[in-house]
>>> print(open('my_file-v9.csv').read())   # CSV, C-alpha atoms and all ligand atoms
chain,number,residue,atom,x,y,z
A,827,MET,CA,-82.5,24.2,0.9
A,828,SER,CA,-85.9,26.0,1.2
A,829,ASN,CA,-87.2,28.1,-1.7
A,830,LYS,CA,-86.6,31.3,0.4
A,831,ASP,CA,-83.0,30.3,1.1
A,832,GLY,CA,-82.4,29.4,-2.6
A,833,GLN,CA,-83.8,32.8,-3.6
A,834,ARG,CA,-81.7,34.7,-1.1
A,835,LYS,CA,-78.5,32.8,-2.2
A,836,ARG,CA,-79.2,33.5,-5.9
A,837,GLU,CA,-79.8,37.2,-5.2
A,838,VAL,CA,-76.5,37.5,-3.4
A,839,ALA,CA,-74.9,35.8,-6.4
A,840,VAL,CA,-76.6,38.3,-8.8
A,841,ARG,CA,-75.3,41.2,-6.8
A,842,ARG,CA,-71.8,39.8,-6.8
A,843,GLU,CA,-72.0,39.1,-10.6
A,844,TYR,CA,-73.1,42.6,-11.4
A,845,GLY,CA,-70.7,44.2,-8.9
A,846,ARG,CA,-68.1,42.7,-11.2
A,847,LEU,CA,-69.7,43.6,-14.5
A,848,ALA,CA,-71.2,47.0,-13.9
A,849,ALA,CA,-68.2,49.0,-15.0
A,850,VAL,CA,-67.9,47.2,-18.3
A,851,TYR,CA,-71.5,46.1,-19.0
A,852,ASP,CA,-72.5,48.8,-21.5
A,853,LYS,CA,-69.2,48.7,-23.4
A,854,ARG,CA,-68.9,44.9,-23.6
A,855,TRP,CA,-72.5,44.2,-24.8
A,856,THR,CA,-73.3,47.5,-26.6
A,857,HIS,CA,-75.2,45.9,-29.5
A,858,TYR,CA,-77.0,43.4,-27.4
A,859,VAL,CA,-78.1,45.9,-24.8
A,860,ARG,CA,-79.4,48.4,-27.4
A,861,ALA,CA,-81.1,45.8,-29.5
A,862,SER,CA,-82.9,44.1,-26.6
A,863,ALA,CA,-84.0,47.4,-25.1
A,864,GLU,CA,-85.4,48.5,-28.5
A,865,GLN,CA,-87.5,45.3,-28.6
A,866,THR,CA,-89.1,46.2,-25.3
A,867,LEU,CA,-89.5,49.9,-26.1
A,868,ASP,CA,-91.1,49.1,-29.5
A,869,ARG,CA,-94.0,47.4,-27.7
A,870,ILE,CA,-94.8,49.8,-24.8
A,871,ASN,CA,-97.1,52.3,-26.6
A,872,LEU,CA,-96.8,54.7,-23.6
A,873,THR,CA,-98.7,57.9,-23.3
A,874,GLU,CA,-97.2,60.9,-21.6
A,875,SER,CA,-99.5,60.7,-18.6
A,876,GLU,CA,-98.6,57.1,-17.8
A,877,LEU,CA,-96.2,55.7,-15.2
A,878,LEU,CA,-93.7,52.9,-16.1
A,879,LEU,CA,-91.7,50.6,-13.9
A,880,ASP,CA,-88.6,49.0,-15.3
A,881,VAL,CA,-87.6,45.9,-13.3
A,882,GLY,CA,-84.0,44.8,-13.4
A,883,CYS,CA,-83.2,48.2,-15.0
A,884,GLY,CA,-79.5,47.5,-14.8
A,885,SER,CA,-77.4,50.3,-16.4
A,886,GLY,CA,-80.5,52.1,-17.5
A,887,GLU,CA,-80.6,51.6,-21.3
A,888,VAL,CA,-84.4,51.3,-21.4
A,889,LEU,CA,-85.0,54.2,-19.1
A,890,GLN,CA,-82.6,56.5,-21.0
A,891,SER,CA,-84.1,55.7,-24.4
A,892,LEU,CA,-87.6,56.0,-22.8
A,893,ARG,CA,-86.8,59.5,-21.6
A,894,ARG,CA,-85.8,60.5,-25.2
A,895,MET,CA,-88.9,59.0,-26.7
A,896,TYR,CA,-91.4,60.2,-24.0
A,897,PRO,CA,-89.8,63.3,-22.3
A,898,SER,CA,-92.6,63.8,-19.8
A,899,ALA,CA,-93.9,60.3,-19.1
A,900,GLY,CA,-93.3,59.0,-15.5
A,901,ALA,CA,-90.7,56.2,-15.1
A,902,VAL,CA,-89.1,54.4,-12.1
A,903,GLY,CA,-86.3,51.9,-12.2
A,904,ILE,CA,-85.6,49.1,-9.8
A,905,ASP,CA,-82.6,46.7,-9.7
A,906,ILE,CA,-81.1,44.3,-7.1
A,907,SER,CA,-77.6,45.5,-7.9
A,908,LEU,CA,-76.5,48.8,-6.4
A,909,ASP,CA,-73.5,48.8,-8.7
A,910,MET,CA,-75.7,48.7,-11.8
A,911,LEU,CA,-77.9,51.4,-10.3
A,912,ARG,CA,-74.8,53.5,-9.8
A,913,VAL,CA,-74.1,53.3,-13.6
A,914,THR,CA,-77.7,54.5,-14.3
A,915,LYS,CA,-77.3,57.4,-11.8
A,916,GLU,CA,-74.1,58.5,-13.5
A,917,LYS,CA,-76.0,58.8,-16.8
A,918,SER,CA,-78.3,61.4,-15.1
A,919,VAL,CA,-81.6,60.3,-16.7
A,920,PRO,CA,-83.9,63.2,-15.7
A,921,ASN,CA,-86.8,62.6,-13.4
A,922,VAL,CA,-86.4,58.8,-13.0
A,923,PRO,CA,-86.3,57.7,-9.4
A,924,LEU,CA,-84.2,54.5,-8.9
A,925,THR,CA,-84.7,52.0,-6.1
A,926,SER,CA,-82.8,49.0,-5.1
A,927,GLY,CA,-84.8,45.8,-4.6
A,928,SER,CA,-85.9,42.4,-5.9
A,929,ALA,CA,-88.5,41.5,-8.5
A,930,ALA,CA,-89.7,39.0,-5.9
A,931,ALA,CA,-90.6,41.7,-3.3
A,932,LEU,CA,-91.3,45.0,-5.1
A,933,PRO,CA,-91.3,47.9,-2.6
A,934,PHE,CA,-94.3,49.6,-4.2
A,935,PRO,CA,-98.0,49.8,-3.3
A,936,SER,CA,-100.4,47.6,-5.3
A,937,GLU,CA,-102.0,49.1,-8.5
A,938,THR,CA,-99.3,51.8,-8.9
A,939,PHE,CA,-98.0,51.5,-12.5
A,940,ASP,CA,-99.6,51.6,-16.0
A,941,ILE,CA,-96.9,49.5,-17.5
A,942,VAL,CA,-94.1,47.2,-16.2
A,943,THR,CA,-91.2,46.3,-18.3
A,944,SER,CA,-88.2,44.0,-17.8
A,945,THR,CA,-85.3,43.3,-20.2
A,946,SER,CA,-82.8,40.5,-20.0
A,947,ALA,CA,-83.5,39.9,-16.3
A,948,PHE,CA,-86.2,37.2,-16.2
A,949,HIS,CA,-83.7,34.3,-16.5
A,950,TYR,CA,-82.2,35.3,-13.1
A,951,TRP,CA,-85.5,35.1,-11.2
A,952,ARG,CA,-85.2,32.0,-8.9
A,953,ASP,CA,-89.0,32.0,-8.3
A,954,PRO,CA,-90.5,33.3,-11.5
A,955,MET,CA,-94.1,32.9,-10.4
A,956,LEU,CA,-93.5,34.9,-7.2
A,957,SER,CA,-92.0,37.7,-9.3
A,958,LEU,CA,-94.8,37.6,-11.8
A,959,ASP,CA,-97.3,37.8,-9.0
A,960,GLU,CA,-95.4,40.9,-7.8
A,961,LEU,CA,-95.5,42.5,-11.3
A,962,LEU,CA,-99.2,41.8,-11.6
A,963,ARG,CA,-99.8,43.3,-8.1
A,964,VAL,CA,-98.1,46.6,-8.8
A,965,LEU,CA,-99.9,47.0,-12.2
A,966,LYS,CA,-103.1,49.0,-12.3
A,967,PRO,CA,-106.1,47.0,-13.5
A,968,GLY,CA,-105.8,46.8,-17.3
A,969,GLY,CA,-102.1,47.7,-17.0
A,970,ARG,CA,-99.6,46.3,-19.5
A,971,MET,CA,-96.4,44.2,-19.1
A,972,VAL,CA,-93.6,43.7,-21.5
A,973,ILE,CA,-90.8,41.2,-20.8
A,974,THR,CA,-87.9,40.7,-23.1
A,975,ASP,CA,-85.4,37.8,-22.5
A,976,TRP,CA,-83.3,35.1,-24.0
A,977,CYS,CA,-85.3,32.4,-25.7
A,978,HIS,CA,-84.6,28.7,-25.0
A,979,ASP,CA,-86.1,27.7,-28.4
A,980,TYR,CA,-82.7,28.7,-30.0
A,981,LEU,CA,-79.7,26.4,-29.9
A,982,ALA,CA,-77.2,29.1,-28.8
A,983,CYS,CA,-79.4,30.0,-25.9
A,984,ARG,CA,-79.7,26.4,-24.8
A,985,ILE,CA,-76.0,25.9,-24.9
A,986,CYS,CA,-75.4,29.1,-22.9
A,987,ASP,CA,-78.1,28.2,-20.4
A,988,GLN,CA,-76.5,24.8,-19.8
A,989,TYR,CA,-73.0,26.3,-19.4
A,990,LEU,CA,-74.2,29.1,-17.0
A,991,ARG,CA,-76.2,26.6,-14.9
A,992,LEU,CA,-73.0,24.7,-14.3
A,993,PHE,CA,-70.5,27.6,-13.9
A,994,ASN,CA,-72.4,30.8,-12.9
A,995,ALA,CA,-74.2,30.9,-9.6
A,996,SER,CA,-76.2,34.0,-10.5
A,997,HIS,CA,-77.9,32.3,-13.5
A,998,PHE,CA,-81.2,30.4,-12.9
A,999,ARG,CA,-82.7,29.2,-16.2
A,1000,THR,CA,-84.0,30.3,-19.6
A,1001,TYR,CA,-87.5,29.5,-21.0
A,1002,GLY,CA,-89.0,28.8,-24.4
A,1003,LYS,CA,-91.8,30.9,-26.0
A,1004,GLU,CA,-94.6,28.4,-25.1
A,1005,GLU,CA,-93.3,28.0,-21.5
A,1006,LEU,CA,-93.1,31.7,-20.9
A,1007,GLY,CA,-96.7,32.2,-22.3
A,1008,GLY,CA,-97.8,29.4,-19.9
A,1009,LEU,CA,-96.2,31.0,-16.9
A,1010,LEU,CA,-97.9,34.3,-17.7
A,1011,THR,CA,-101.3,32.7,-18.1
A,1012,ALA,CA,-100.8,30.8,-14.9
A,1013,ALA,CA,-100.0,34.0,-13.1
A,1014,HIS,CA,-103.4,35.4,-14.3
A,1015,PHE,CA,-102.2,37.8,-16.9
A,1016,GLU,CA,-104.5,38.0,-20.0
A,1017,ASP,CA,-104.0,38.9,-23.7
A,1018,VAL,CA,-100.7,37.1,-23.6
A,1019,LEU,CA,-98.6,37.3,-26.7
A,1020,VAL,CA,-95.0,36.0,-26.9
A,1021,GLU,CA,-92.9,36.6,-30.1
A,1022,ARG,CA,-89.5,35.2,-30.7
A,1023,TYR,CA,-86.8,36.5,-33.0
A,1024,LYS,CA,-83.1,36.8,-33.5
A,1025,ILE,CA,-81.2,40.0,-32.8
A,1026,SER,CA,-78.0,38.7,-34.5
A,1027,TRP,CA,-77.2,35.7,-36.7
A,1028,LEU,CA,-76.6,33.8,-33.5
A,1029,TRP,CA,-78.7,35.1,-30.7
A,1030,GLY,CA,-82.4,34.4,-30.2
A,1031,MET,CA,-84.7,36.4,-27.9
A,1032,MET,CA,-88.4,36.7,-27.2
A,1033,THR,CA,-90.7,39.4,-26.0
A,1034,ALA,CA,-93.9,38.8,-24.1
A,1035,GLN,CA,-96.7,41.2,-23.8
A,1036,ALA,CA,-99.6,40.7,-21.4
A,1037,ARG,CA,-102.2,42.7,-19.4
A,1038,ARG,CA,-103.5,42.7,-15.9
A,1039,PRO,CA,-107.3,42.0,-16.1
A,1040,ALA,CA,-109.3,45.2,-15.9
B,1,LIG,C1,-78.5,41.4,-18.1
B,1,LIG,S1,-78.8,42.7,-17.0
B,1,LIG,C2,-80.0,43.7,-17.9
B,1,LIG,C3,-80.1,45.1,-17.5
B,1,LIG,C4,-81.0,46.0,-18.3
B,1,LIG,N1,-82.4,45.6,-18.1
B,1,LIG,C5,-80.6,45.9,-19.8
B,1,LIG,O1,-81.5,45.6,-20.6
B,1,LIG,O2,-79.5,46.2,-20.1
B,1,LIG,C6,-79.8,41.9,-15.7
B,1,LIG,C7,-80.2,42.9,-14.6
B,1,LIG,O3,-81.2,42.3,-13.8
B,1,LIG,C8,-80.9,42.5,-12.5
B,1,LIG,N2,-81.6,41.5,-11.7
B,1,LIG,C9,-81.4,40.2,-11.7
B,1,LIG,N3,-82.2,39.6,-10.8
B,1,LIG,C10,-83.0,40.5,-10.3
B,1,LIG,C11,-84.1,40.5,-9.3
B,1,LIG,N4,-84.5,39.4,-8.8
B,1,LIG,N5,-84.6,41.7,-9.0
B,1,LIG,C12,-84.2,42.9,-9.6
B,1,LIG,N6,-83.2,42.9,-10.5
B,1,LIG,C13,-82.6,41.8,-10.8
B,1,LIG,C14,-79.4,42.5,-12.4
B,1,LIG,O4,-78.9,43.1,-11.2
B,1,LIG,C15,-79.0,43.2,-13.7
B,1,LIG,O5,-78.8,44.5,-13.5
>>> encode(input="my_file-v9.csv", output="structure tokens")
Amino acid sequence: MSNKDGQRKREVAVRREYGRLAAVYDKRWTHYVRASAEQTLDRINLTESELLLDVGCGSGEVLQSLRRMYPSAGAVGIDISLDMLRVTKEKSVPNVPLTSGSAAALPFPSETFDIVTSTSAFHYWRDPMLSLDELLRVLKPGGRMVITDWCHDYLACRICDQYLRLFNASHFRTYGKEELGGLLTAAHFEDVLVERYKISWLWGMMTAQARRPA
């Protein structure tokens, strides 16, 4: 199967998975969703005149909290699942346009955003380098990126990754801290910093920060 076919097949599987989960997502994973969004938001250092893009915005936790923290900053959300976008729409986050689309082909002009964020979506991306190229492209020169995701350096994540690879067609793979840092550097981001941490006694995550060269 070609890379493109593989990508398309996985995106269909992601849409199907989140069509099934959208109605229960926030309730079933309340602690996880809040804690991971907080890790992303803690690192964005936005100013009110800046424009943020949240990729794989899902049910809108990052966008909703962002609106509370920065009432007049610009923000846009994109997700591949219309069902998850519908959940965000129902929350009526003011002045946040939502678009459906893939991280691998962002429907925005180059050099549009001051900051791009993504929380708990990276492990679905079938071609991470293609998606990182897209994130870099839509950032303004000197723009920042913050990605939070599961971290393969922790045992619970490795077990979950193996299980999902076998039994869940939407899942692609998880990465460790060093590997994610390497991907970002290879994608020509600079000032790459990846931190790993636990958000519960069991679950390990990481957040990467990087910048498009000025
Ligand atoms: C675990 S949810 C996380 C949602 C939200 N960011 C949060 O923190 O709660 C993963 C989301 O990523 C989206 N997603 C997965 N692959 C994607 C892709 N290639 N492009 C855009 N969105 C994608 C899914 O549809 C889903 O809404």
>>> residues_near_ligand(input="my_file-v9.csv", ligand="ligand LIG 1 (chain B)", cutoff="7 Å", atoms="only C-alpha atoms and all ligand atoms", output="ChimeraX atom specification")
/A:837,840-841,844,859,862-863,881-888,904-907,910,927-930,944-947,950-951
>>> residues_around(input="my_file-v9.csv", residues="A:Asp1017", least_positions_apart="2", cutoff="12 Å", atoms="only C-alpha atoms", output="ChimeraX atom specification")
/A:968-972,1007-1008,1010-1011,1014-1015,1019-1020,1034-1040
>>> closest_residue(input="my_file-v9.csv", among="A:Gln890, A:Glu843, A:Ala931, A:Glu864", to="A:Asp909", atoms="all atoms listed in the file")
A:Glu843
>>> closest_residue(input="my_file-v9.csv", among="A:His949, A:Ser891, A:Leu908, A:Thr938", to="A:Ser996", atoms="all atoms listed in the file")
A:His949
>>> closest_residue(input="my_file-v9.csv", among="A:Thr1033, A:Asn829, A:Thr873, A:Thr856", to="A:Glu1004", atoms="all atoms listed in the file")
A:Thr1033
>>> closest_residue(input="my_file-v9.csv", among="A:Val942, A:Glu874, A:Asp959, A:Arg1022", to="A:Arg894", atoms="all atoms listed in the file")
A:Glu874
>>> closest_residue(input="my_file-v9.csv", among="A:Glu937, A:Glu1021, A:Glu1005, A:Glu1016", to="A:Pro954", atoms="all atoms listed in the file")
A:Glu1005
>>> residues_near_point(input="my_file-v9.csv", point="(-92.9, 64.6, -19.7)", cutoff="12 Å", atoms="only C-alpha atoms", output="JSON, numbers by chain")
{"A": [872, 873, 874, 875, 876, 877, 892, 893, 894, 895, 896, 897, 898, 899, 900, 901, 920, 921, 922]}
>>> closest_residue(input="my_file-v9.csv", among="A:Asp953, A:Glu960, A:Asp979, A:Asp987", to="A:Gly832", atoms="only C-alpha atoms")
A:Asp953
>>> residues_around(input="my_file-v9.csv", residues="A:Met1031", least_positions_apart="5", cutoff="10 Å", atoms="only C-alpha atoms", output="PyMOL selection string")
chain A and resi 862+865+946+974-980+983+1002-1003+1021-1026
>>> atom_distance(input="my_file-v9.csv", atom1="atom CA of A:Ala848", atom2="atom CA of A:Asp831")
25.4 Å
>>> atom_distance(input="my_file-v9.csv", atom1="atom CA of A:Asn871", atom2="atom CA of A:Thr943")
11.8 Å
